[in-house]
Structure formats: structure tokens, C-alpha cells
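Here's start13.tsv, which has TSV, C-alpha atoms and all ligand atoms:
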```tsv
chain	number	residue	atom	x	y	z
A	1	MET	CA	16.47	-25.30	15.91
A	2	ILE	CA	18.74	-24.78	12.96
A	3	LYS	CA	20.87	-21.70	13.17
A	4	ILE	CA	20.81	-19.73	9.92
A	5	SER	CA	24.03	-17.96	8.95
A	6	ASP	CA	24.35	-14.31	9.91
A	7	ARG	CA	24.95	-13.56	6.25
A	8	ILE	CA	21.51	-14.83	5.23
A	9	SER	CA	19.71	-13.81	8.43
A	10	ASN	CA	20.71	-10.24	7.72
A	11	LEU	CA	19.64	-10.45	4.09
A	12	GLU	CA	16.37	-8.84	3.09
A	13	GLU	CA	14.02	-10.61	0.75
A	14	SER	CA	13.41	-8.89	-2.60
A	15	VAL	CA	10.48	-6.49	-1.91
A	16	THR	CA	9.28	-6.50	-5.50
A	17	LEU	CA	9.07	-10.29	-5.61
A	18	ALA	CA	7.37	-10.25	-2.19
A	19	ILE	CA	4.70	-7.76	-3.34
A	20	THR	CA	4.06	-9.78	-6.48
A	21	ALA	CA	3.62	-12.88	-4.31
A	22	LYS	CA	1.30	-11.07	-1.89
A	23	ALA	CA	-0.88	-9.77	-4.76
A	24	LYS	CA	-1.04	-13.30	-6.18
A	25	ALA	CA	-2.03	-14.72	-2.79
A	26	LEU	CA	-4.82	-12.15	-2.39
A	27	LYS	CA	-6.04	-12.97	-5.90
A	28	ALA	CA	-6.00	-16.69	-5.11
A	29	ALA	CA	-8.10	-15.91	-2.02
A	30	GLY	CA	-10.73	-14.43	-4.32
A	31	ARG	CA	-9.85	-10.73	-4.03
A	32	ASP	CA	-9.97	-8.74	-7.24
A	33	VAL	CA	-6.41	-7.39	-7.08
A	34	ILE	CA	-4.87	-5.42	-9.93
A	35	GLY	CA	-1.13	-5.96	-10.05
A	36	LEU	CA	0.94	-2.97	-11.15
A	37	GLY	CA	3.94	-4.19	-9.18
A	38	ALA	CA	5.48	-6.79	-11.43
A	39	GLY	CA	8.90	-6.27	-12.95
A	40	GLU	CA	8.39	-8.30	-16.08
A	41	PRO	CA	6.80	-7.84	-19.54
A	42	ASP	CA	3.27	-9.19	-19.83
A	43	PHE	CA	3.84	-10.54	-23.36
A	44	ASP	CA	4.45	-14.15	-24.25
A	45	THR	CA	7.95	-15.12	-25.41
A	46	PRO	CA	8.02	-14.79	-29.24
A	47	GLU	CA	7.19	-18.00	-31.15
A	48	ASN	CA	10.50	-18.28	-33.01
A	49	ILE	CA	12.32	-18.32	-29.66
A	50	LYS	CA	10.06	-20.98	-28.19
A	51	ASP	CA	10.52	-23.04	-31.37
A	52	ALA	CA	14.29	-22.86	-30.98
A	53	ALA	CA	13.93	-24.34	-27.49
A	54	HIS	CA	11.79	-27.20	-28.80
A	55	ILE	CA	14.38	-27.93	-31.47
A	56	ALA	CA	17.17	-27.95	-28.88
A	57	ILE	CA	15.23	-30.46	-26.79
A	58	ASN	CA	14.37	-32.66	-29.76
A	59	GLU	CA	17.96	-32.65	-30.99
A	60	GLY	CA	19.22	-33.70	-27.56
A	61	ARG	CA	21.11	-30.50	-26.76
A	62	THR	CA	20.25	-31.16	-23.15
A	63	LYS	CA	23.63	-31.78	-21.50
A	64	TYR	CA	26.06	-29.60	-19.59
A	65	THR	CA	27.33	-26.74	-21.69
A	66	PRO	CA	30.73	-25.09	-21.30
A	67	VAL	CA	30.66	-23.21	-17.96
A	68	GLY	CA	30.79	-19.78	-19.57
A	69	GLY	CA	28.07	-20.54	-22.11
A	70	VAL	CA	27.77	-22.24	-25.51
A	71	PRO	CA	30.19	-20.66	-28.01
A	72	GLU	CA	27.42	-20.09	-30.55
A	73	LEU	CA	25.47	-18.00	-28.04
A	74	LYS	CA	28.59	-16.04	-27.11
A	75	ASP	CA	29.10	-15.32	-30.81
A	76	ALA	CA	25.47	-14.18	-31.17
A	77	ILE	CA	25.98	-11.76	-28.27
A	78	ILE	CA	29.26	-10.56	-29.77
A	79	ASP	CA	27.48	-9.97	-33.09
A	80	ARG	CA	24.64	-8.04	-31.39
A	81	LEU	CA	27.07	-5.82	-29.52
A	82	LYS	CA	28.92	-5.18	-32.77
A	83	LEU	CA	25.77	-4.51	-34.79
A	84	ASP	CA	23.87	-2.46	-32.19
A	85	ARG	CA	26.78	-0.67	-30.49
A	86	ASP	CA	29.80	-1.09	-32.73
A	87	LEU	CA	31.58	-2.66	-29.74
A	88	THR	CA	34.08	-5.47	-30.30
A	89	TYR	CA	34.33	-8.32	-27.81
A	90	THR	CA	35.92	-11.78	-27.91
A	91	ARG	CA	34.52	-15.00	-26.43
A	92	GLY	CA	36.80	-14.70	-23.40
A	93	GLU	CA	35.19	-11.37	-22.58
A	94	ILE	CA	31.64	-12.79	-22.41
A	95	LEU	CA	30.06	-14.84	-19.62
A	96	ILE	CA	26.54	-16.29	-19.84
A	97	SER	CA	24.81	-16.76	-16.49
A	98	CYS	CA	21.41	-17.69	-15.05
A	99	GLY	CA	19.81	-14.28	-15.64
A	100	GLY	CA	21.20	-10.77	-15.50
A	101	LYS	CA	20.79	-10.86	-11.74
A	102	HIS	CA	23.17	-13.78	-11.50
A	103	SER	CA	25.67	-11.98	-13.74
A	104	ILE	CA	25.70	-9.06	-11.30
A	105	TYR	CA	26.01	-11.40	-8.33
A	106	ASN	CA	29.02	-13.12	-9.92
A	107	LEU	CA	30.55	-9.76	-10.70
A	108	PHE	CA	30.52	-8.47	-7.13
A	109	GLN	CA	31.73	-11.80	-5.76
A	110	ALA	CA	34.67	-11.67	-8.18
A	111	LEU	CA	35.43	-7.98	-7.63
A	112	LEU	CA	35.00	-7.09	-3.98
A	113	ASP	CA	37.01	-7.66	-0.82
A	114	PRO	CA	35.59	-6.81	2.60
A	115	GLY	CA	35.10	-3.07	2.97
A	116	ASP	CA	35.34	-2.28	-0.73
A	117	GLU	CA	32.81	0.36	-1.71
A	118	VAL	CA	30.38	0.42	-4.61
A	119	ILE	CA	28.64	3.66	-5.52
A	120	ILE	CA	24.94	3.15	-6.18
A	121	PRO	CA	22.62	5.97	-7.30
A	122	ALA	CA	19.22	5.90	-5.53
A	123	PRO	CA	16.55	5.05	-6.39
A	124	TYR	CA	18.25	1.77	-7.24
A	125	TRP	CA	17.21	-1.68	-8.34
A	126	VAL	CA	16.37	-3.51	-5.11
A	127	SER	CA	19.02	-6.20	-5.54
A	128	TYR	CA	22.14	-4.04	-5.91
A	129	PRO	CA	22.83	-3.24	-2.24
A	130	PRO	CA	22.21	-6.82	-0.97
A	131	MET	CA	24.41	-8.26	-3.72
A	132	VAL	CA	27.23	-5.86	-2.83
A	133	GLU	CA	26.85	-6.73	0.86
A	134	LEU	CA	26.80	-10.48	0.21
A	135	ALA	CA	30.22	-10.01	-1.38
A	136	GLY	CA	31.47	-8.19	1.73
A	137	GLY	CA	31.26	-4.81	0.03
A	138	VAL	CA	29.73	-1.57	1.25
A	139	PRO	CA	27.04	0.19	-0.80
A	140	VAL	CA	27.58	3.95	-0.96
A	141	ILE	CA	24.30	5.55	-1.94
A	142	ILE	CA	23.96	8.80	-3.90
A	143	THR	CA	20.41	10.04	-3.54
A	144	THR	CA	18.69	11.72	-6.49
A	145	ASN	CA	15.14	13.01	-6.89
A	146	ASP	CA	12.59	13.97	-9.54
A	147	THR	CA	13.93	17.51	-9.91
A	148	SER	CA	17.27	16.10	-11.12
A	149	GLY	CA	15.44	13.59	-13.33
A	150	PHE	CA	16.67	10.84	-10.97
A	151	LYS	CA	20.19	11.05	-12.39
A	152	ILE	CA	23.54	11.60	-10.68
A	153	THR	CA	26.03	14.08	-12.06
A	154	ALA	CA	29.78	13.65	-12.41
A	155	LYS	CA	30.08	16.07	-9.49
A	156	ASP	CA	27.90	13.91	-7.21
A	157	PHE	CA	29.94	10.89	-8.26
A	158	ARG	CA	33.28	12.57	-7.53
A	159	ALA	CA	32.10	13.69	-4.10
A	160	SER	CA	31.26	10.09	-3.10
A	161	ILE	CA	34.61	8.58	-4.04
A	162	THR	CA	36.94	7.33	-1.29
A	163	LYS	CA	40.13	5.26	-1.33
A	164	LYS	CA	37.91	2.19	-1.06
A	165	THR	CA	35.69	2.88	-4.07
A	166	ARG	CA	35.92	0.00	-6.53
A	167	ALA	CA	32.87	0.43	-8.75
A	168	VAL	CA	29.93	2.60	-9.72
A	169	ILE	CA	26.63	1.21	-10.99
A	170	ILE	CA	24.87	2.94	-13.85
A	171	ASN	CA	21.47	1.50	-14.74
A	172	SER	CA	20.16	3.29	-17.81
A	173	PRO	CA	17.28	3.04	-18.65
A	174	SER	CA	16.60	2.75	-14.95
A	175	ASN	CA	14.47	0.44	-12.92
A	176	PRO	CA	12.53	1.97	-11.06
A	177	THR	CA	12.45	5.44	-12.70
A	178	GLY	CA	12.84	4.87	-16.43
A	179	ALA	CA	15.47	7.64	-16.47
A	180	VAL	CA	17.96	7.50	-19.34
A	181	TYR	CA	21.41	9.11	-19.27
A	182	SER	CA	22.46	10.99	-22.39
A	183	LEU	CA	25.80	10.13	-23.96
A	184	GLU	CA	27.13	13.48	-22.73
A	185	GLU	CA	26.11	12.74	-19.13
A	186	LEU	CA	27.69	9.31	-19.41
A	187	ARG	CA	30.88	10.84	-20.80
A	188	GLU	CA	31.25	13.09	-17.76
A	189	ILE	CA	30.72	10.18	-15.39
A	190	ALA	CA	33.16	8.01	-17.35
A	191	GLU	CA	35.86	10.68	-17.13
A	192	VAL	CA	35.69	10.60	-13.35
A	193	ALA	CA	35.71	6.80	-13.32
A	194	ILE	CA	38.86	6.79	-15.46
A	195	GLU	CA	40.55	9.43	-13.32
A	196	TYR	CA	40.05	7.33	-10.17
A	197	ASN	CA	40.34	3.91	-11.82
A	198	ILE	CA	36.82	2.88	-10.80
A	199	LEU	CA	35.05	0.03	-12.59
A	200	ILE	CA	31.85	1.07	-14.38
A	201	VAL	CA	29.07	-1.48	-13.93
A	202	SER	CA	26.61	-0.70	-16.72
A	203	ASP	CA	23.31	-2.52	-16.28
A	204	GLU	CA	21.72	-2.19	-19.72
A	205	ILE	CA	18.92	-4.73	-19.34
A	206	TYR	CA	16.37	-2.15	-20.62
A	207	ASP	CA	18.48	-0.74	-23.46
A	208	LYS	CA	15.99	-1.77	-26.15
A	209	LEU	CA	13.01	-0.37	-24.26
A	210	HIS	CA	13.86	3.22	-25.07
A	211	TYR	CA	11.22	5.68	-26.26
A	212	GLU	CA	13.51	8.05	-28.09
A	213	GLN	CA	15.48	7.26	-31.23
A	214	GLY	CA	17.38	3.93	-31.17
A	215	ASP	CA	18.75	2.01	-28.21
A	216	ALA	CA	19.56	3.96	-25.04
A	217	PRO	CA	23.10	5.44	-25.07
A	218	ALA	CA	25.76	3.00	-23.78
A	219	ILE	CA	28.76	4.16	-21.77
A	220	ALA	CA	31.24	1.64	-23.24
A	221	THR	CA	30.81	3.25	-26.68
A	222	ILE	CA	32.52	6.44	-25.50
A	223	SER	CA	36.08	5.22	-26.03
A	224	GLU	CA	38.30	2.12	-25.93
A	225	GLN	CA	39.60	3.32	-22.58
A	226	VAL	CA	36.10	3.53	-21.10
A	227	LYS	CA	35.17	0.16	-22.60
A	228	ALA	CA	38.22	-1.43	-20.96
A	229	GLN	CA	36.96	-0.23	-17.60
A	230	THR	CA	33.32	-1.19	-18.05
A	231	VAL	CA	31.36	-4.37	-17.48
A	232	VAL	CA	28.18	-4.41	-19.56
A	233	LEU	CA	25.32	-6.42	-18.08
A	234	ASN	CA	22.38	-7.47	-20.16
A	235	GLY	CA	20.16	-10.42	-20.96
A	236	VAL	CA	17.00	-11.63	-22.61
A	237	SER	CA	14.48	-11.13	-19.79
A	238	LYS	CA	13.14	-7.68	-20.61
A	239	ALA	CA	13.71	-7.06	-24.33
A	240	TYR	CA	12.50	-10.51	-25.42
A	241	SER	CA	10.02	-11.18	-22.62
A	242	MET	CA	12.00	-14.17	-21.35
A	243	THR	CA	12.17	-13.66	-17.59
A	244	GLY	CA	11.56	-17.33	-16.79
A	245	TRP	CA	14.27	-18.63	-19.11
A	246	ARG	CA	16.99	-17.19	-16.87
A	247	ILE	CA	19.66	-16.04	-19.30
A	248	GLY	CA	21.84	-12.99	-18.74
A	249	TYR	CA	25.36	-12.05	-19.71
A	250	ALA	CA	28.31	-9.93	-18.73
A	251	ALA	CA	30.72	-8.42	-21.27
A	252	GLY	CA	33.93	-6.94	-19.98
A	253	PRO	CA	37.66	-7.29	-19.26
A	254	ALA	CA	38.81	-10.93	-19.72
A	255	GLU	CA	40.47	-11.19	-16.27
A	256	LEU	CA	37.29	-10.23	-14.49
A	257	ILE	CA	35.08	-12.39	-16.73
A	258	GLY	CA	37.46	-15.31	-16.09
A	259	ALA	CA	37.18	-14.81	-12.32
A	260	MET	CA	33.39	-14.72	-12.56
A	261	MET	CA	33.49	-17.90	-14.63
A	262	LYS	CA	35.62	-19.64	-11.99
A	263	LEU	CA	32.93	-18.89	-9.41
A	264	GLN	CA	30.26	-20.12	-11.79
A	265	SER	CA	32.17	-23.38	-12.32
A	266	GLN	CA	31.85	-24.08	-8.60
A	267	SER	CA	28.26	-22.91	-8.20
A	268	THR	CA	25.84	-23.39	-11.12
A	269	SER	CA	28.12	-24.99	-13.76
A	270	GLY	CA	26.46	-22.57	-16.18
A	271	ALA	CA	23.02	-21.67	-17.46
A	272	ALA	CA	20.39	-24.15	-18.71
A	273	SER	CA	21.32	-25.53	-22.14
A	274	ILE	CA	17.80	-25.23	-23.60
A	275	SER	CA	17.49	-21.61	-22.48
A	276	GLN	CA	20.85	-20.83	-24.04
A	277	TRP	CA	19.72	-22.14	-27.43
A	278	ALA	CA	16.51	-20.14	-27.11
A	279	ALA	CA	18.52	-17.01	-26.23
A	280	LEU	CA	20.66	-17.60	-29.33
A	281	GLU	CA	17.49	-17.28	-31.42
A	282	ALA	CA	16.46	-14.16	-29.45
A	283	PHE	CA	19.75	-12.39	-30.21
A	284	SER	CA	20.28	-13.58	-33.77
A	285	GLY	CA	16.74	-14.11	-35.09
A	286	PRO	CA	14.29	-11.46	-36.32
A	287	GLN	CA	14.06	-8.47	-33.97
A	288	ASP	CA	10.57	-7.20	-34.90
A	289	ALA	CA	8.92	-8.53	-31.72
A	290	VAL	CA	11.09	-6.17	-29.67
A	291	ALA	CA	9.79	-3.13	-31.54
A	292	VAL	CA	6.19	-4.33	-31.26
A	293	MET	CA	6.51	-4.63	-27.48
A	294	ARG	CA	8.29	-1.30	-27.19
A	295	ASP	CA	5.58	0.47	-29.20
A	296	GLU	CA	2.87	-1.03	-27.01
A	297	PHE	CA	4.74	0.08	-23.86
A	298	GLN	CA	5.03	3.55	-25.31
A	299	LYS	CA	1.23	3.83	-25.64
A	300	ARG	CA	0.71	2.64	-22.10
A	301	ARG	CA	3.36	5.04	-20.85
A	302	ALA	CA	1.40	7.99	-22.22
A	303	LEU	CA	-1.76	6.71	-20.56
A	304	ILE	CA	-0.26	6.03	-17.15
A	305	VAL	CA	1.72	9.28	-16.92
A	306	ALA	CA	-1.26	11.43	-17.88
A	307	SER	CA	-3.69	9.68	-15.57
A	308	LEU	CA	-1.32	9.74	-12.58
A	309	ASN	CA	-0.66	13.44	-13.04
A	310	ALA	CA	-4.42	14.04	-13.03
A	311	ILE	CA	-4.59	12.75	-9.42
A	312	ASP	CA	-4.46	15.38	-6.70
A	313	GLY	CA	-1.28	14.92	-4.64
A	314	ILE	CA	0.64	12.85	-7.19
A	315	THR	CA	3.18	14.10	-9.71
A	316	CYS	CA	4.87	11.89	-12.25
A	317	LEU	CA	7.78	12.39	-14.67
A	318	ALA	CA	7.53	10.74	-18.09
A	319	PRO	CA	10.12	7.94	-18.18
A	320	GLU	CA	12.35	7.73	-21.25
A	321	GLY	CA	12.84	3.98	-21.05
A	322	ALA	CA	11.96	0.67	-19.32
A	323	PHE	CA	8.32	0.08	-18.24
A	324	TYR	CA	8.03	1.78	-14.89
A	325	VAL	CA	6.87	5.12	-13.56
A	326	PHE	CA	8.08	6.49	-10.25
A	327	PRO	CA	5.60	9.18	-9.16
A	328	ASN	CA	6.11	11.44	-6.18
A	329	ILE	CA	3.51	10.75	-3.48
A	330	SER	CA	4.96	12.80	-0.62
A	331	LYS	CA	2.08	15.33	-0.70
A	332	LEU	CA	-0.18	12.53	0.56
A	333	PHE	CA	1.95	11.87	3.64
A	334	GLY	CA	0.26	13.02	6.83
A	335	LYS	CA	-3.26	12.45	5.46
A	336	SER	CA	-5.72	9.87	6.76
A	337	ASP	CA	-8.69	7.76	5.77
A	338	GLY	CA	-10.52	7.05	9.02
A	339	ASP	CA	-8.01	5.32	11.29
A	340	THR	CA	-5.53	4.69	8.53
A	341	LYS	CA	-2.79	7.28	8.48
A	342	ILE	CA	-0.41	7.64	5.56
A	343	THR	CA	3.06	8.28	6.92
A	344	ASP	CA	5.39	6.97	4.22
A	345	SER	CA	5.53	4.98	0.98
A	346	VAL	CA	5.06	1.65	2.74
A	347	SER	CA	1.89	2.74	4.56
A	348	PHE	CA	0.54	4.30	1.36
A	349	CYS	CA	1.16	1.18	-0.70
A	350	SER	CA	-0.40	-1.13	1.88
A	351	TYR	CA	-3.37	1.27	2.01
A	352	LEU	CA	-3.67	0.92	-1.77
A	353	LEU	CA	-3.50	-2.86	-1.57
A	354	GLU	CA	-6.05	-3.09	1.25
A	355	THR	CA	-8.60	-0.46	0.18
A	356	ALA	CA	-8.11	-0.12	-3.57
A	357	GLU	CA	-6.86	-3.66	-4.24
A	358	VAL	CA	-4.01	-2.36	-6.37
A	359	ALA	CA	-0.49	-3.74	-5.90
A	360	VAL	CA	2.37	-1.26	-6.37
A	361	VAL	CA	5.84	-1.15	-4.82
A	362	PRO	CA	6.77	1.44	-2.16
A	363	GLY	CA	9.64	3.75	-3.07
A	364	ALA	CA	11.39	2.81	0.17
A	365	ALA	CA	12.28	-0.53	-1.44
A	366	PHE	CA	14.37	1.40	-3.96
A	367	GLY	CA	15.91	3.72	-1.38
A	368	LEU	CA	13.59	6.74	-1.89
A	369	ASP	CA	10.58	6.99	0.38
A	370	ALA	CA	8.70	9.88	-1.26
A	371	TYR	CA	7.74	7.75	-4.27
A	372	MET	CA	6.13	4.53	-5.44
A	373	ARG	CA	6.81	2.36	-8.45
A	374	LEU	CA	4.13	1.28	-10.87
A	375	SER	CA	4.79	-1.05	-13.75
A	376	TYR	CA	3.02	-0.50	-17.05
A	377	ALA	CA	3.86	-4.00	-18.19
A	378	SER	CA	0.17	-4.66	-17.78
A	379	SER	CA	-2.81	-4.38	-20.11
A	380	THR	CA	-4.33	-0.97	-20.89
A	381	LYS	CA	-7.52	-2.19	-19.23
A	382	ASN	CA	-5.64	-3.04	-16.02
A	383	ILE	CA	-3.80	0.26	-16.05
A	384	LYS	CA	-7.02	2.24	-16.49
A	385	GLU	CA	-8.85	0.33	-13.77
A	386	GLY	CA	-5.82	0.43	-11.44
A	387	ILE	CA	-5.36	4.19	-11.74
A	388	THR	CA	-9.09	4.81	-11.31
A	389	ARG	CA	-8.96	2.87	-8.04
A	390	ILE	CA	-5.85	4.73	-6.88
A	391	GLU	CA	-7.57	8.01	-7.70
A	392	LYS	CA	-10.61	7.03	-5.61
A	393	ALA	CA	-8.45	5.91	-2.70
A	394	CYS	CA	-6.55	9.23	-2.80
A	395	ARG	CA	-9.82	11.17	-2.77
A	396	ARG	CA	-10.73	9.50	0.52
A	397	LEU	CA	-7.62	10.90	2.15
A	398	SER	CA	-7.86	14.16	4.04
A	401	LIG	C1	15.11	-7.33	-14.52
A	401	LIG	C2	16.40	-6.67	-14.21
A	401	LIG	C3	17.64	-7.32	-14.32
A	401	LIG	C4	17.87	-8.74	-14.73
A	401	LIG	O1	16.87	-9.62	-14.63
A	401	LIG	P1	17.12	-11.14	-14.98
A	401	LIG	O2	15.75	-11.68	-15.13
A	401	LIG	O3	17.87	-11.74	-13.83
A	401	LIG	O4	17.91	-11.20	-16.24
A	401	LIG	C5	18.79	-6.61	-14.07
A	401	LIG	N1	18.74	-5.33	-13.71
A	401	LIG	C6	17.59	-4.67	-13.58
A	401	LIG	C7	17.64	-3.24	-13.21
A	401	LIG	C8	16.38	-5.31	-13.81
A	401	LIG	O5	15.23	-4.64	-13.65
```

Could you spell out this file's structure in C-alpha cells?
Amino acid sequence: MIKISDRISNLEESVTLAITAKAKALKAAGRDVIGLGAGEPDFDTPENIKDAAHIAINEGRTKYTPVGGVPELKDAIIDRLKLDRDLTYTRGEILISCGGKHSIYNLFQALLDPGDEVIIPAPYWVSYPPMVELAGGVPVIITTNDTSGFKITAKDFRASITKKTRAVIINSPSNPTGAVYSLEELREIAEVAIEYNILIVSDEIYDKLHYEQGDAPAIATISEQVKAQTVVLNGVSKAYSMTGWRIGYAAGPAELIGAMMKLQSQSTSGAASISQWAALEAFSGPQDAVAVMRDEFQKRRALIVASLNAIDGITCLAPEGAFYVFPNISKLFGKSDGDTKITDSVSFCSYLLETAEVAVVPGAAFGLDAYMRLSYASSTKNIKEGITRIEKACRRLS
């Protein structure tokens, strides 16, 4: 018997990835499962980006790159941040990693000592608390709900601060709720962060999937002082439908970026060269594919929100960004279908998978049990069929 480290034994597997795998396994076994659980766009990567990868391969750009990323890609990110946000960064303030998830992992490893606290609004992206814990840190959760639009206020934030608070995570647009903070709301949060010298971790991976005017507001644009205390995390996975390419970046204070790079030099040596050249095309090439995908998501959003709200016992806010809805299902708790009793989000979601053959993620995975997450990164046909099945399954509950 090999003894697995306590660190990993205590680590939970990503629930969203696990549900996706379970739905795939059921499908492979011949069951007609509709997956509304996945956290990735259902579009192909745009052609110009794939072409750039082919060119990189053919030209032999297939060797180790500088640990922090190829300079040309850093410059393309710097240009995007300038053009989209009017933010100015230098190469030493940018680190390319193997996906946005890896950027966040590096960040907490470089930032936290044992016992250091990170404030995380719930519902949260499933990976934040484990990544904080793997770095020896302590997640401090602020719970929100649908009546507050799933957003924390500056007052909530202030009340959670202790002497050990090192960072606060803001994920806007949010996975799993699609909530978007206004610039004014961000300003109030930033003021508290400055007052207590707390690092702002701004996960902006969905910034281009925003259904109001322009990109979602970004906290670092508030002032130079706020920017100096913020690490921006982003990547190509969501906006350019490139989840499998594994490219993300962090933009922030040079000392911190340098520390993250040191860790990267002893772990991955940097991101895949071919993916970096493809990402360069994503950031610097034509941007029309992003708008096409966003517009399609917007249509599906209208469909999914309306049809969920038409189901007895389910209420759903319209998300302002990303491609998820996070409806409240708590009115269904306590009901039964024969021997199956619905007691919480996990039992409801396994009921849906078993009886309706629809895969969705229980809210408990995101730290809020009264909800479930559905992804509308799926065809209109799938969404319609999936919601019809959910509706039927709900009607059987009494
Ligand atoms: C998808 C996602 C990421 C990053 O994903 P990568 O594929 O690792 O770039 C980061 N944060 C949130 C909230 C996400 O949903």
C-alpha cells in the first residue's frame, strides 16, 4: 500500500469535472444524457487561431519558451489590456501559465503562508478554496444569495477582514452565477482593500462574455493605486473557446509575478509553445469570433432563463455575463418521487441525472446548497430538451 500525502488525501476532486465525466460515462454506456454541466464553450476554436498553431509547428517553434512566456505573446496581452482597458503593463508584470487555473494556483503558492486568509464570496468557482488550502491558506467565505444578486458589498467585505487577511477574490462575471459587479460596486470594494492593504485577485476570465455594453467593468481601471494592488487573471479558454490549449495569464505587481515565475520555473517550465503562438493570434488577430459566440450565448440565455422560470418550484435570475444560470431550487427540497426524496442540491441533481438523464451541477459544489448550476454553452436543441426533461421530473415531485 502506498501512503498518499495528507495534503492530497484531503483534497476534493473538482465536482464540475467529475459530473462531466459521469455524464460522458453514462452516454458511453448508451444512455441518452443531456449535459448542461460543462464549463466550456461548445464552439470550435476559430480557424485563424488553429492556423497559427499549424504555422508554429511547421516553423519549428516547438522548443522550450522563456519560463514566463514568449515575449511576443506578453506584448499581445499588454496591447489587449491597453486597448480594451486602457491599462499599462510591462513584460515583467505578465506571467503566462498553463491555463487561468494554473495562474491562480501559482498566485496563492507565491502569496500565502500557513494561516493566511483569503476572502472568497460564495457561490464561488469550485477550485478557489482547494487552491488556497493547498498553499496553506484559509478560505474565508462570505455567503451571498439571489436577493443580493449574488454579490458581496463593501460592508460584507469589511466585516470579514482579520489581521490575517491577505487577499479577496472577485470573479466578475461570475462562474457559477453570471453576476457582474458594476464599476461603482467595485470601487467600494477596492476602497476597503486599499484601507487594509489586501490584495485584490480579479478573475476576469469571462470579461468578454458580457451581455450589456462592452466588456464587464474591471477593478484595476479604477485608479493606479488600485491597479498596483490587483492581480488580473485571464486567459483564452472562455472568450476564444480554447479550453484544451491551456493558456492563461496573470497581470500584476512585478515582485509577485516574479515569485510566481520562480515557482513555474521549478514546476512546468512554462506553457506549451504551440499553444502560446495560437494564443498570440487569439489576442492580436481579428476579434469578430468573440462577438459571434457572445451573441449566440445571449440568445440561449433568454431561452434558458424563461424556461426555467416557467417551472413550478424554480426561480432563476438573468445572468449579466458568462454562460451559466444559477436557479434557486430550495422550494423542491422535502418533496419526493416514490422512494426518492429530495433533501438538498446533491440529491436533486442526482435525481435529475437518474430520472431525467440531464447532467447539471449541484449548488453545494459552489458553496450554496439551495441552487444548481446549468451551463448554456450547449445547443439550443439540447437546452430545450434538457429543460423539458427537468420540468417533467419536477412535476413528478410531490
Ligand atoms: C474556466 C475558468 C477559469 C480558467 O480556466 P482555464 O481553462 O484554466 O484557463 C478561471 N476562473 C473561472 C471562474 C473559470 O470558470

Shell around range 45-59 of chain A at 8 Å using all atoms listed in the file, local window under 2 positions removed, as a list of chain:residue names | A:Phe43, A:Arg61, A:Thr62, A:Tyr240, A:Ser241, A:Met242, A:Ile274, A:Ser275, A:Trp277, A:Ala278, A:Ala279, A:Glu281, A:Ala282, A:Gly285, A:Ala289

What gap, in Å, lies between CA of Lys151 in chain A and CA of Val290 in chain A?
->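 Here the two named atoms are 26.0 Å from each other.
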
Would you kindly return, as a PyMOL selection string, each protein, DNA or RNA residue with an atom no farther than 10 Å from any atom of Pro327 in chain A, considering only C-alpha atoms and excluding same-chain residues fewer than 5 positions away?
-> chain A and resi 146+177+305+308-309+314-318+363+370-374

Skip Ile96 in chain A itself and residues of its chain fewer than 6 positions away, then list as an MDAnalysis selection string all residues within 8 Å of it, counting only C-alpha atoms.
-> chainID A and resid 68:69 74 103 247:250 270:271

Protein/DNA/RNA residues near (31.6, -0.8, -13.2), cut 6 Å, all atoms listed in the file, as a VMD selection string | chain A and resid 167 to 169 199 to 201 230 to 231

Have range 251-264 of chain A completed to N, CA and C atoms, please, and pass it along as a PDB file, in the coordinates of the input.
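Heads up, here's the output in out-v2.pdb:
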```pdb
ATOM      1  N   ALA A 251      29.669  -8.634 -20.277  1.00  0.00           N
ATOM      2  CA  ALA A 251      30.720  -8.420 -21.270  1.00  0.00           C
ATOM      3  C   ALA A 251      31.712  -7.442 -20.675  1.00  0.00           C
ATOM      4  N   GLY A 252      32.953  -7.837 -20.597  1.00  0.00           N
ATOM      5  CA  GLY A 252      33.930  -6.940 -19.980  1.00  0.00           C
ATOM      6  C   GLY A 252      35.338  -7.495 -20.030  1.00  0.00           C
ATOM      7  N   PRO A 253      36.249  -6.878 -19.249  1.00  0.00           N
ATOM      8  CA  PRO A 253      37.660  -7.290 -19.260  1.00  0.00           C
ATOM      9  C   PRO A 253      37.823  -8.794 -18.981  1.00  0.00           C
ATOM     10  N   ALA A 254      38.669  -9.466 -19.784  1.00  0.00           N
ATOM     11  CA  ALA A 254      38.810 -10.930 -19.720  1.00  0.00           C
ATOM     12  C   ALA A 254      39.190 -11.428 -18.319  1.00  0.00           C
ATOM     13  N   GLU A 255      40.045 -10.703 -17.610  1.00  0.00           N
ATOM     14  CA  GLU A 255      40.470 -11.190 -16.270  1.00  0.00           C
ATOM     15  C   GLU A 255      39.275 -11.298 -15.340  1.00  0.00           C
ATOM     16  N   LEU A 256      38.449 -10.263 -15.371  1.00  0.00           N
ATOM     17  CA  LEU A 256      37.290 -10.230 -14.490  1.00  0.00           C
ATOM     18  C   LEU A 256      36.265 -11.296 -14.911  1.00  0.00           C
ATOM     19  N   ILE A 257      36.021 -11.389 -16.208  1.00  0.00           N
ATOM     20  CA  ILE A 257      35.080 -12.390 -16.730  1.00  0.00           C
ATOM     21  C   ILE A 257      35.569 -13.793 -16.361  1.00  0.00           C
ATOM     22  N   GLY A 258      36.888 -14.009 -16.446  1.00  0.00           N
ATOM     23  CA  GLY A 258      37.460 -15.310 -16.090  1.00  0.00           C
ATOM     24  C   GLY A 258      37.236 -15.626 -14.613  1.00  0.00           C
ATOM     25  N   ALA A 259      37.383 -14.611 -13.758  1.00  0.00           N
ATOM     26  CA  ALA A 259      37.180 -14.810 -12.320  1.00  0.00           C
ATOM     27  C   ALA A 259      35.719 -15.145 -12.035  1.00  0.00           C
ATOM     28  N   MET A 260      34.825 -14.452 -12.731  1.00  0.00           N
ATOM     29  CA  MET A 260      33.390 -14.720 -12.560  1.00  0.00           C
ATOM     30  C   MET A 260      33.058 -16.142 -13.024  1.00  0.00           C
ATOM     31  N   MET A 261      33.745 -16.563 -14.094  1.00  0.00           N
ATOM     32  CA  MET A 261      33.490 -17.900 -14.630  1.00  0.00           C
ATOM     33  C   MET A 261      33.963 -18.973 -13.652  1.00  0.00           C
ATOM     34  N   LYS A 262      35.091 -18.696 -12.976  1.00  0.00           N
ATOM     35  CA  LYS A 262      35.620 -19.640 -11.990  1.00  0.00           C
ATOM     36  C   LYS A 262      34.570 -19.867 -10.893  1.00  0.00           C
ATOM     37  N   LEU A 263      33.979 -18.778 -10.430  1.00  0.00           N
ATOM     38  CA  LEU A 263      32.930 -18.890  -9.410  1.00  0.00           C
ATOM     39  C   LEU A 263      31.756 -19.713  -9.948  1.00  0.00           C
ATOM     40  N   GLN A 264      31.385 -19.415 -11.182  1.00  0.00           N
ATOM     41  CA  GLN A 264      30.260 -20.120 -11.790  1.00  0.00           C
ATOM     42  C   GLN A 264      30.547 -21.624 -11.916  1.00  0.00           C
TER      43      GLN A 264
END
```
